[in-house]
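Source file: structure15.cif. Holds: mmCIF, C-alpha atoms.
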data_work
#
loop_
_atom_site.label_atom_id
_atom_site.label_comp_id
_atom_site.auth_asym_id
_atom_site.auth_seq_id
_atom_site.Cartn_x
_atom_site.Cartn_y
_atom_site.Cartn_z
CA MET A 25 8.45 -16.36 2.37
CA LEU A 26 8.13 -20.02 1.69
CA GLU A 27 9.82 -23.34 2.07
CA MET A 28 8.86 -26.62 0.39
CA ASN A 29 7.15 -29.52 2.08
CA THR A 30 6.85 -32.89 0.36
CA GLN A 31 3.60 -34.73 1.01
CA ASN A 32 2.09 -37.92 -0.33
CA THR A 33 -1.27 -37.43 -2.01
CA ARG A 34 -3.08 -40.41 -3.62
CA GLY A 35 0.17 -42.30 -3.81
CA MET A 36 2.06 -39.47 -5.52
CA ASN A 37 4.75 -37.26 -4.07
CA THR A 38 3.78 -33.63 -4.48
CA VAL A 39 5.69 -30.57 -3.45
CA THR A 40 3.55 -28.07 -1.62
CA PRO A 41 4.84 -24.71 -0.40
CA ASN A 42 4.54 -23.74 3.24
CA PRO A 43 5.58 -20.47 4.89
CA VAL A 44 9.00 -20.42 6.49
CA ALA A 45 9.33 -19.66 10.18
CA PRO A 46 8.55 -16.03 11.02
CA GLU A 47 12.07 -15.51 12.39
CA ALA A 48 13.41 -15.99 8.86
CA ARG A 49 11.75 -12.75 7.74
CA LEU A 50 13.67 -9.50 7.32
CA ASP A 51 12.60 -7.16 10.08
CA SER A 52 13.54 -4.08 8.07
CA ILE A 53 10.98 -4.85 5.36
CA ASP A 54 8.23 -5.48 7.91
CA ILE A 55 9.17 -2.27 9.73
CA LEU A 56 9.04 -0.25 6.52
CA ARG A 57 5.69 -1.81 5.61
CA GLY A 58 4.31 -1.03 9.05
CA MET A 59 5.45 2.59 8.84
CA ALA A 60 4.07 2.97 5.31
CA LEU A 61 0.73 1.67 6.55
CA PHE A 62 0.46 4.73 8.79
CA GLY A 63 0.72 6.95 5.72
CA VAL A 64 -1.91 4.88 3.93
CA LEU A 65 -4.20 5.10 6.97
CA VAL A 66 -3.87 8.87 7.25
CA VAL A 67 -4.45 9.51 3.54
CA ASN A 68 -7.47 7.21 3.41
CA LEU A 69 -8.89 8.73 6.57
CA ILE A 70 -8.41 12.43 5.76
CA ALA A 71 -9.13 12.37 2.03
CA GLU A 72 -11.55 9.47 1.52
CA PHE A 73 -13.40 8.26 4.62
CA ARG A 74 -13.92 11.69 6.21
CA VAL A 75 -15.11 13.36 3.02
CA SER A 76 -15.71 12.35 -0.59
CA VAL A 77 -12.51 11.41 -2.41
CA PHE A 78 -13.61 13.80 -5.17
CA GLN A 79 -13.67 16.78 -2.83
CA GLN A 80 -9.95 17.31 -3.49
CA PHE A 81 -10.61 17.88 -7.21
CA LEU A 82 -12.98 20.79 -6.60
CA PRO A 83 -11.89 24.43 -6.27
CA ALA A 84 -10.72 25.13 -2.74
CA ASN A 85 -12.47 27.63 -0.50
CA GLU A 86 -10.78 30.84 0.51
CA PRO A 87 -7.57 29.93 2.34
CA THR A 88 -7.81 30.19 6.11
CA PHE A 89 -5.27 29.23 8.73
CA SER A 90 -6.52 26.55 11.09
CA GLY A 91 -5.47 23.23 12.52
CA ASP A 92 -7.67 21.45 9.98
CA ARG A 93 -6.09 23.30 7.07
CA VAL A 94 -2.59 22.52 8.37
CA VAL A 95 -3.42 18.81 8.59
CA GLU A 96 -5.01 18.76 5.14
CA THR A 97 -2.02 20.55 3.62
CA PHE A 98 0.47 18.26 5.33
CA VAL A 99 -1.34 15.11 4.22
CA SER A 100 -1.66 16.40 0.66
CA MET A 101 1.96 17.44 0.34
CA ALA A 102 3.81 14.87 2.47
CA LEU A 103 1.75 11.68 2.27
CA GLU A 104 -0.79 11.67 -0.55
CA MET A 105 0.47 9.50 -3.45
CA LYS A 106 3.73 8.87 -1.55
CA ALA A 107 2.51 6.26 0.95
CA PHE A 108 0.88 4.17 -1.78
CA ALA A 109 3.96 4.51 -3.98
CA LEU A 110 6.07 3.07 -1.17
CA PHE A 111 3.58 0.25 -0.68
CA SER A 112 3.79 -0.56 -4.40
CA PHE A 113 7.57 -0.90 -4.12
CA LEU A 114 7.21 -3.19 -1.09
CA PHE A 115 4.64 -5.34 -2.87
CA GLY A 116 7.17 -5.89 -5.64
CA VAL A 117 9.77 -6.89 -3.06
CA GLY A 118 7.29 -9.40 -1.63
CA LEU A 119 6.65 -10.91 -5.06
CA ALA A 120 10.38 -11.37 -5.62
CA VAL A 121 10.77 -13.03 -2.21
CA GLN A 122 7.93 -15.45 -2.96
CA PHE A 123 9.29 -16.24 -6.40
CA GLU A 124 12.78 -16.96 -5.10
CA ARG A 125 11.45 -19.36 -2.47
CA LEU A 126 9.03 -21.10 -4.81
CA LEU A 127 11.70 -21.72 -7.43
CA LYS A 128 13.29 -24.24 -5.07
CA GLY A 129 10.29 -26.53 -5.36
CA GLY A 130 9.18 -25.81 -8.92
CA ARG A 131 5.91 -24.42 -10.32
CA ALA A 132 6.72 -20.98 -9.00
CA TYR A 133 4.48 -19.22 -11.52
CA TYR A 134 1.59 -21.56 -10.73
CA TRP A 135 1.70 -20.90 -6.99
CA LEU A 136 2.26 -17.17 -7.39
CA SER A 137 -0.66 -16.96 -9.81
CA ARG A 138 -2.87 -18.74 -7.30
CA ARG A 139 -1.70 -16.38 -4.57
CA LEU A 140 -2.54 -13.31 -6.65
CA ILE A 141 -5.90 -14.69 -7.76
CA VAL A 142 -6.86 -15.25 -4.11
CA LEU A 143 -5.76 -11.69 -3.36
CA LEU A 144 -7.89 -10.49 -6.28
CA VAL A 145 -10.93 -12.21 -4.77
CA PHE A 146 -10.23 -10.57 -1.40
CA GLY A 147 -9.79 -7.22 -3.13
CA LEU A 148 -13.05 -7.49 -5.07
CA LEU A 149 -14.95 -8.45 -1.92
CA HIS A 150 -13.44 -5.46 -0.13
CA LEU A 151 -14.11 -3.16 -3.09
CA LEU A 152 -17.69 -4.23 -3.73
CA PHE A 153 -19.00 -4.86 -0.24
CA LEU A 154 -16.91 -2.94 2.30
CA TRP A 155 -15.19 0.13 0.84
CA ASN A 156 -14.69 1.21 -2.75
CA GLY A 157 -11.34 2.87 -1.99
CA ASP A 158 -9.72 -0.58 -2.13
CA ILE A 159 -6.20 -0.90 -3.55
CA LEU A 160 -5.84 -4.68 -3.24
CA THR A 161 -7.67 -5.32 -6.51
CA GLU A 162 -5.27 -3.15 -8.47
CA TYR A 163 -2.26 -4.67 -6.71
CA ALA A 164 -3.44 -8.19 -7.56
CA ILE A 165 -3.92 -7.25 -11.22
CA VAL A 166 -0.55 -5.49 -11.40
CA GLY A 167 1.07 -8.49 -9.72
CA ILE A 168 -0.31 -10.77 -12.43
CA LEU A 169 0.90 -8.36 -15.13
CA VAL A 170 4.48 -8.29 -13.81
CA LEU A 171 4.82 -12.07 -13.32
CA PRO A 172 6.67 -12.53 -16.66
CA PHE A 173 9.33 -10.07 -15.50
CA LEU A 174 10.30 -12.19 -12.51
CA ALA A 175 12.63 -14.27 -14.67
CA ALA A 176 13.50 -11.50 -17.15
CA PRO A 177 17.13 -10.36 -17.58
CA THR A 178 18.19 -7.49 -15.36
CA TRP A 179 18.62 -5.19 -18.34
CA ALA A 180 15.05 -5.87 -19.49
CA MET A 181 13.81 -5.18 -15.96
CA ALA A 182 15.68 -1.86 -15.87
CA VAL A 183 14.29 -0.82 -19.28
CA ALA A 184 10.75 -1.71 -18.21
CA ILE A 185 11.09 0.24 -14.95
CA SER A 186 12.36 3.29 -16.84
CA CYS A 187 9.59 3.09 -19.44
CA PHE A 188 6.69 2.68 -17.02
CA LEU A 189 7.86 5.38 -14.61
CA ALA A 190 8.72 7.75 -17.46
CA PHE A 191 5.27 7.21 -18.95
CA TYR A 192 3.69 7.96 -15.57
CA VAL A 193 5.68 11.18 -15.31
CA VAL A 194 4.71 12.44 -18.79
CA MET A 195 1.03 11.42 -18.54
CA PRO A 196 -0.14 14.93 -17.51
CA ALA A 197 1.27 16.33 -20.76
CA MET A 198 -0.46 13.73 -22.94
CA SER A 199 -3.98 13.61 -24.33
CA LEU A 200 -4.93 10.17 -23.08
CA PRO A 201 -8.39 8.63 -23.61
CA ILE A 202 -9.01 8.41 -19.87
CA PRO A 203 -12.40 10.00 -19.10
CA TRP A 204 -12.70 12.51 -16.30
CA PRO A 205 -15.94 14.16 -15.12
CA SER A 206 -16.52 17.89 -15.31
CA THR A 207 -16.33 20.15 -12.28
CA GLU A 208 -20.12 20.53 -12.29
CA LEU A 209 -20.63 16.76 -12.24
CA LEU A 210 -18.12 16.35 -9.41
CA GLN A 211 -19.84 19.08 -7.40
CA ARG A 212 -23.18 17.30 -7.73
CA HIS A 213 -21.62 13.98 -6.88
CA VAL A 214 -19.90 15.31 -3.76
CA ALA A 215 -23.20 16.80 -2.58
CA GLU A 216 -24.92 13.45 -3.10
CA ALA A 217 -22.09 11.63 -1.30
CA ASN A 218 -22.46 13.93 1.71
CA ILE A 219 -26.04 12.74 2.08
CA ALA A 220 -25.69 9.08 1.10
CA TYR A 221 -22.64 8.25 3.22
CA ALA A 222 -23.59 10.33 6.25
CA SER A 223 -27.21 9.28 6.63
CA GLY A 224 -27.76 6.19 4.49
CA ASN A 225 -28.34 2.75 5.95
CA ALA A 226 -26.06 -0.14 5.01
CA LEU A 227 -27.94 -0.89 1.78
CA GLU A 228 -28.04 2.77 0.70
CA VAL A 229 -24.33 3.23 1.43
CA TRP A 230 -23.56 0.08 -0.56
CA ARG A 231 -25.63 1.23 -3.54
CA PHE A 232 -23.94 4.63 -3.64
CA SER A 233 -20.53 2.99 -3.27
CA ILE A 234 -21.23 0.81 -6.31
CA HIS A 235 -22.52 3.87 -8.18
CA GLU A 236 -19.15 5.60 -7.61
CA LEU A 237 -17.05 2.87 -9.19
CA HIS A 238 -17.17 4.29 -12.72
CA LEU A 239 -15.83 7.60 -11.40
CA LEU A 240 -13.07 5.88 -9.43
CA LEU A 241 -11.80 3.84 -12.39
CA PRO A 242 -9.90 6.76 -14.00
CA LEU A 243 -7.99 7.32 -10.75
CA HIS A 244 -6.74 3.73 -10.86
CA LEU A 245 -5.85 4.01 -14.54
CA TRP A 246 -3.80 7.13 -13.87
CA ILE A 247 -1.59 5.40 -11.30
CA LEU A 248 -1.38 2.03 -13.07
CA PRO A 249 1.95 2.76 -14.87
CA ARG A 250 3.46 3.96 -11.59
CA SER A 251 2.31 0.83 -9.78
CA ILE A 252 3.83 -1.42 -12.44
CA GLY A 253 7.11 0.51 -12.45
CA LEU A 254 7.45 0.44 -8.68
CA PHE A 255 6.50 -3.24 -8.47
CA LEU A 256 9.32 -3.93 -10.90
CA LEU A 257 11.71 -1.69 -8.95
CA GLY A 258 10.93 -3.69 -5.80
CA ILE A 259 11.56 -6.95 -7.66
CA LEU A 260 14.90 -5.64 -8.92
CA ALA A 261 15.89 -4.39 -5.45
CA TRP A 262 15.41 -7.91 -4.07
CA ARG A 263 16.98 -9.74 -7.01
CA SER A 264 20.09 -7.56 -6.84
CA GLY A 265 20.60 -8.49 -3.18
CA PHE A 266 20.15 -4.88 -2.07
CA MET A 267 17.23 -5.56 0.27
CA GLN A 268 18.91 -8.61 1.83
CA HIS A 269 22.13 -6.73 2.61
CA GLN A 270 21.04 -3.20 3.44
CA GLU A 271 23.89 -2.82 5.94
CA ARG A 272 26.35 -2.98 3.03
CA HIS A 273 24.61 -0.07 1.34
CA LEU A 274 24.15 2.23 4.32
CA ARG A 275 26.02 5.13 2.70
CA PHE A 276 23.88 4.85 -0.42
CA LEU A 277 20.71 4.73 1.70
CA TRP A 278 21.65 7.96 3.51
CA ILE A 279 22.48 9.70 0.24
CA ALA A 280 19.27 8.47 -1.39
CA ALA A 281 17.28 9.56 1.66
CA GLY A 282 18.81 13.03 1.67
CA VAL A 283 18.49 13.61 -2.06
CA GLY A 284 15.02 12.08 -2.26
CA ILE A 285 13.51 13.92 0.70
CA VAL A 286 15.15 17.29 0.06
CA THR A 287 14.46 17.24 -3.69
CA GLY A 288 10.98 15.78 -3.30
CA ALA A 289 10.01 18.20 -0.53
CA ALA A 290 11.41 21.24 -2.35
CA THR A 291 9.61 20.45 -5.58
CA THR A 292 6.39 19.62 -3.72
CA ILE A 293 6.48 23.00 -1.98
CA ALA A 294 7.26 24.74 -5.27
CA ILE A 295 4.22 23.09 -6.84
CA ALA A 296 1.99 24.00 -3.88
CA ILE A 297 2.88 27.72 -3.98
CA GLY A 298 2.53 27.88 -7.76
CA ALA A 299 6.20 28.53 -8.48
CA THR A 300 6.24 25.88 -11.21
CA SER A 301 3.63 27.66 -13.33
CA THR A 302 6.40 29.40 -15.27
CA TRP A 303 8.55 26.30 -15.68
CA GLY A 304 6.91 25.21 -18.92
CA ILE A 305 6.61 21.51 -19.68
CA PHE A 306 8.84 20.61 -16.74
CA GLY A 307 6.36 22.25 -14.39
CA VAL A 308 3.62 20.06 -15.86
CA LEU A 309 5.62 16.85 -15.41
CA LEU A 310 7.00 17.67 -11.98
CA PRO A 311 4.06 16.59 -9.73
CA ASN A 312 4.19 12.92 -10.69
CA LEU A 313 7.99 12.86 -10.64
CA SER A 314 8.15 14.59 -7.28
CA SER A 315 5.80 12.11 -5.58
CA VAL A 316 7.92 9.11 -6.63
CA ILE A 317 11.20 10.78 -5.60
CA LEU A 318 9.82 11.72 -2.18
CA ALA A 319 8.34 8.25 -1.60
CA LEU A 320 11.65 6.53 -2.37
CA GLY A 321 13.43 9.06 -0.15
CA TYR A 322 11.12 8.11 2.72
CA GLY A 323 11.84 4.44 2.14
CA ALA A 324 15.60 4.97 2.06
CA MET A 325 15.48 7.02 5.26
CA ALA A 326 13.49 4.33 7.11
CA LEU A 327 15.83 1.55 5.98
CA ALA A 328 18.89 3.60 6.95
CA LEU A 329 17.48 4.30 10.42
CA VAL A 330 16.77 0.61 10.95
CA GLN A 331 20.49 -0.08 10.53
CA LEU A 332 21.30 2.11 13.56
CA PRO A 333 21.21 -0.29 16.54
CA SER A 334 19.53 2.04 19.04
CA VAL A 335 17.00 3.41 16.55
CA GLY A 336 16.41 0.03 14.95
CA GLN A 337 15.39 -1.46 18.28
CA VAL A 338 12.77 1.25 18.72
CA LEU A 339 11.47 0.88 15.17
CA LYS A 340 10.96 -2.86 15.67
CA VAL A 341 7.65 -2.01 17.29
CA PHE A 342 6.31 -1.49 13.74
CA ALA A 343 7.41 -4.92 12.49
CA PRO A 344 4.38 -6.90 13.78
CA LEU A 345 2.08 -4.31 12.21
CA GLY A 346 3.92 -4.76 8.90
CA ARG A 347 3.68 -8.54 9.09
CA MET A 348 -0.08 -8.18 9.56
CA ALA A 349 -0.51 -5.35 7.02
CA PHE A 350 -3.29 -7.18 5.14
CA THR A 351 -5.36 -7.75 8.29
CA ASN A 352 -4.72 -4.23 9.57
CA TYR A 353 -5.61 -2.63 6.24
CA ILE A 354 -8.98 -4.39 6.07
CA MET A 355 -9.62 -3.72 9.77
CA GLN A 356 -9.10 0.00 9.14
CA SER A 357 -11.86 -0.10 6.53
CA VAL A 358 -14.20 -1.80 9.00
CA ILE A 359 -13.45 0.70 11.77
CA PHE A 360 -13.58 3.86 9.67
CA GLY A 361 -16.65 2.68 7.78
CA TYR A 362 -18.48 2.36 11.10
CA ILE A 363 -17.26 5.76 12.32
CA PHE A 364 -18.09 7.75 9.18
CA PHE A 365 -20.94 6.02 7.36
CA GLY A 366 -24.63 6.22 8.13
CA TYR A 367 -24.99 2.60 9.24
CA GLY A 368 -22.61 3.46 12.11
CA LEU A 369 -21.89 6.81 13.75
CA GLY A 370 -22.45 8.81 10.56
CA TYR A 371 -19.62 11.36 10.93
CA PHE A 372 -19.02 11.60 7.16
CA GLY A 373 -18.48 15.24 6.21
CA GLN A 374 -18.80 16.38 9.82
CA LEU A 375 -15.34 15.91 11.34
CA GLY A 376 -12.46 18.28 10.73
CA ALA A 377 -9.12 16.92 9.58
CA MET A 378 -7.50 17.51 12.98
CA HIS A 379 -10.05 15.44 14.90
CA ALA A 380 -9.98 12.75 12.23
CA LEU A 381 -6.19 12.56 12.45
CA LEU A 382 -6.37 12.08 16.22
CA ILE A 383 -8.79 9.19 15.68
CA GLY A 384 -6.44 7.71 13.09
CA ILE A 385 -3.44 7.93 15.42
CA GLY A 386 -5.47 6.18 18.11
CA VAL A 387 -6.51 3.39 15.75
CA TYR A 388 -2.96 2.96 14.48
CA ALA A 389 -1.53 2.83 18.02
CA ALA A 390 -4.11 0.20 18.96
CA GLN A 391 -3.17 -1.85 15.89
CA VAL A 392 0.52 -1.65 16.83
CA LEU A 393 -0.27 -3.08 20.27
CA LEU A 394 -2.75 -5.65 19.01
CA SER A 395 -0.41 -6.87 16.24
CA GLY A 396 2.41 -7.38 18.74
CA TRP A 397 0.11 -9.26 21.10
CA TRP A 398 -1.33 -11.43 18.30
CA LEU A 399 2.02 -12.41 16.79
CA SER A 400 3.40 -13.32 20.19
CA ARG A 401 0.85 -16.15 20.14
CA PHE A 402 0.22 -16.86 16.46
CA GLN A 403 2.42 -17.20 13.39
CA PHE A 404 0.34 -15.02 11.06
CA GLY A 405 -2.37 -12.42 11.13
CA PRO A 406 -5.90 -13.84 10.65
CA LEU A 407 -6.26 -12.74 7.02
CA GLU A 408 -2.64 -13.58 6.21
CA TRP A 409 -3.33 -17.09 7.51
CA LEU A 410 -6.53 -17.38 5.44
CA TRP A 411 -4.73 -16.06 2.36
CA ARG A 412 -2.04 -18.72 2.66
CA THR A 413 -4.53 -21.48 3.41
CA LEU A 414 -6.66 -20.67 0.37
CA THR A 415 -3.62 -20.23 -1.86
CA TYR A 416 -2.02 -23.58 -1.07
CA GLY A 417 -5.19 -25.58 -0.43
CA ILE A 418 -3.84 -26.86 2.89
CA LYS A 419 -4.76 -25.54 6.30
CA GLN A 420 -1.71 -23.66 7.54
CA PRO A 421 -0.62 -23.86 11.19
CA LEU A 422 -1.73 -20.71 12.96
CA ARG A 423 -0.76 -21.11 16.60
CA LYS A 424 2.92 -20.78 17.45
CA PRO A 425 4.49 -24.05 18.58
CA THR A 426 5.25 -24.29 22.28
CA SER A 427 8.81 -24.76 23.49
CA GLN A 428 8.02 -28.44 24.07
CA GLU A 429 6.71 -28.83 20.53
CA HIS A 430 9.85 -27.14 19.22
CA ALA A 431 11.97 -29.62 21.16
CA ASN A 432 10.06 -32.57 19.69
CA GLN A 433 10.52 -31.38 16.09
#
For this file, write the structure as structure tokens.
Amino acid sequence: MLEMNTQNTRGMNTVTPNPVAPEARLDSIDILRGMALFGVLVVNLIAEFRVSVFQQFLPANEPTFSGDRVVETFVSMALEMKAFALFSFLFGVGLAVQFERLLKGGRAYYWLSRRLIVLLVFGLLHLLFLWNGDILTEYAIVGILVLPFLAAPTWAMAVAISCFLAFYVVMPAMSLPIPWPSTELLQRHVAEANIAYASGNALEVWRFSIHELHLLLPLHLWILPRSIGLFLLGILAWRSGFMQHQERHLRFLWIAAGVGIVTGAATTIAIAIGATSTWGIFGVLLPNLSSVILALGYGAMALALVQLPSVGQVLKVFAPLGRMAFTNYIMQSVIFGYIFFGYGLGYFGQLGAMHALLIGIGVYAAQVLLSGWWLSRFQFGPLEWLWRTLTYGIKQPLRKPTSQEHANQ
């Protein structure tokens, strides 16, 4: 969130945005972002760092009951596609917050465009040189695409949300020109990945990562309409005042949580056991619809719980993590890349889902503690600070003012 600061540059008064004080932020949004980041961490860890992301598209082995299978099933049914959907909604909320603040000083579209372009650069660097499972690049592009909607009438926003999410839901029933490799090609690629990522040096891992990009592109194209729709839904939720006054909508949040989680979970289970195979076209459309419903149910439940004083106080532990989500997300890539790729410990393809989950919980817990410690001394996470500094072309204050400095202001 931003406030305006007037400075004199070359004899001219210019209005330059600066972040508002951290205490002006809404804790509930940071808490929700921090909790959603756990889902993102787990999905990335179990389905992408531990094994090839394309492993999930190959025929499964004979079903066996084990801790690893339980973890894989839980992640697939409860978190996969849902955590990122929730993050998309929150990114839209963030865009609306920025836009509202920037309007007070003018040139809101200019500064938001700069902000998203800087994010795009970060995303491309992450994608090309650290880990090709990056989502920041797509979020930056989607953010640029939805900029015109920030000032659109509410009715136009609602129509756009309905159209993009409806298109996402019906995509499985359409013959779209989005290429997808054959099972044989994926099997060969997974076998190559098991060698390259587990035993390759840094250069070999990087080359294989770049080689995978053309196979990863269809995955991003498939979720693009959903990302746009949920960005817009987040923008509308902020513009309507819903996110600023969640306590006024507590009953709605509980109803939305109950309906979303129960309906989403029931349909997800039905899909998993094959019950939807006889449901015709509805059974084909249900997977994409179910993931969005369940994600929004999760979000409503978290926001409702935050409004309960005793529970909200406990959940505040996730707020610093949410405020530093950018830094923590990139740090997870650094840590897991070292653990699983050949230039580090080389555990790619060797760890079961249960052991990987325990590692992920440990990393997440450490990030919760580290984020709280960092933000007790500094105003922003390291990458959040760099993002703001590059966006506004002015070095942002990082260290928190002392009590004496506060008194002198």
Coordinates-based distance that separates CA of Phe360 in chain A from CA of Ile219 in chain A (Å, one decimal):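 Separation of CA of Ile219 in chain A and CA of Phe360 in chain A: 17.1 Å.
Atom pair CA of Leu210 in chain A / CA of Ala197 in chain A has a distance of 22.5 Å (rounded to one decimal).
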Protein and nucleic acid residues near (14.4, 13.3, -0.7) (cut-off 9 Å, all atoms listed in the file) as a list in words: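 Selection result: Ile279, Ala280, Ala281, Gly282, Val283, Gly284, Ile285, Val286, Thr287, Gly288, Ala289, Ala290, Ile317, Leu318, Ala319, Leu320, Gly321, Tyr322, Ala324 and Met325 of chain A.
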Separation of CA of Leu382 in chain A from CA of Ala215 in chain A, in Å and rounded to one decimal: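 Computing the Euclidean distance for CA of Leu382 in chain A and CA of Ala215 in chain A yields 25.7 Å.
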Range 387-403 of chain A surroundings by all atoms listed in the file, 12 Å radius, close-in-sequence under 4 positions cut, as a PyMOL selection string: chain A and resi 43-49+55+58-66+69+339-360+363+380-383+407-410+412+420-426
Spatial neighbours of Ser206 in chain A, max dist 12 Å, only C-alpha atoms, sep filter under 3 positions, as a list of chain:residue names: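 After dropping sequence-adjacent residues, the list is A:Phe78, A:Phe81, A:Leu82, A:Pro203, A:Leu209, A:Leu210, A:Gln211, A:Arg212, A:His213, A:Leu239.
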Spatial sel., origin (-23.1, 3.7, -3.8), limit 12 Å, all atoms listed in the file, listed as JSON, numbers by chain: {"A": [76, 151, 152, 153, 154, 155, 156, 157, 213, 216, 217, 218, 219, 220, 221, 224, 225, 226, 227, 228, 229, 230, 231, 232, 233, 234, 235, 236, 237, 238, 239, 240, 365]}
Among listed residues A:Gly129, A:Pro249, A:Gly147, A:Pro333, nearest Val316 in chain A (using all atoms listed in the file): A:Pro249
Spatial neighbours of range 142-144 of chain A, max dist 10 Å, all atoms listed in the file, sep filter under 2 positions, as a PyMOL selection string: chain A and resi 136-140+146-150+160-165+167-168+350+410-412+414-415
Spatial neighbours of Cys187 in chain A, max dist 12 Å, all atoms listed in the file, sep filter under 6 positions, as a VMD selection string: chain A and resid 180 to 181 193 to 195 249 to 250 252 to 254 256 to 257
Which of A:Val335, A:Ala102, A:Leu169, A:Leu174 sits closest to Trp262 in chain A [using all atoms listed in the file]: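 Closest residue, counting all atoms listed in the file: A:Leu174.
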Kindly compute an axis-aligned box around the listed atoms of range 151-163 of chain A, allowing 3 Å on each side, and express its centre and edge lengths in Å to one decimal as AutoDock Vina command-line options.
--center_x -10.6 --center_y -1.2 --center_z -3.1 --size_x 22.7 --size_y 14.2 --size_z 16.8
Picked residues, the PyMOL selection byres ((chain A and resi 328) around 8), as a list in words: Gln270, Leu274, Leu277, Trp278, Ala324, Met325, Ala326, Leu327, Leu329, Val330, Gln331 and Leu332 of chain A
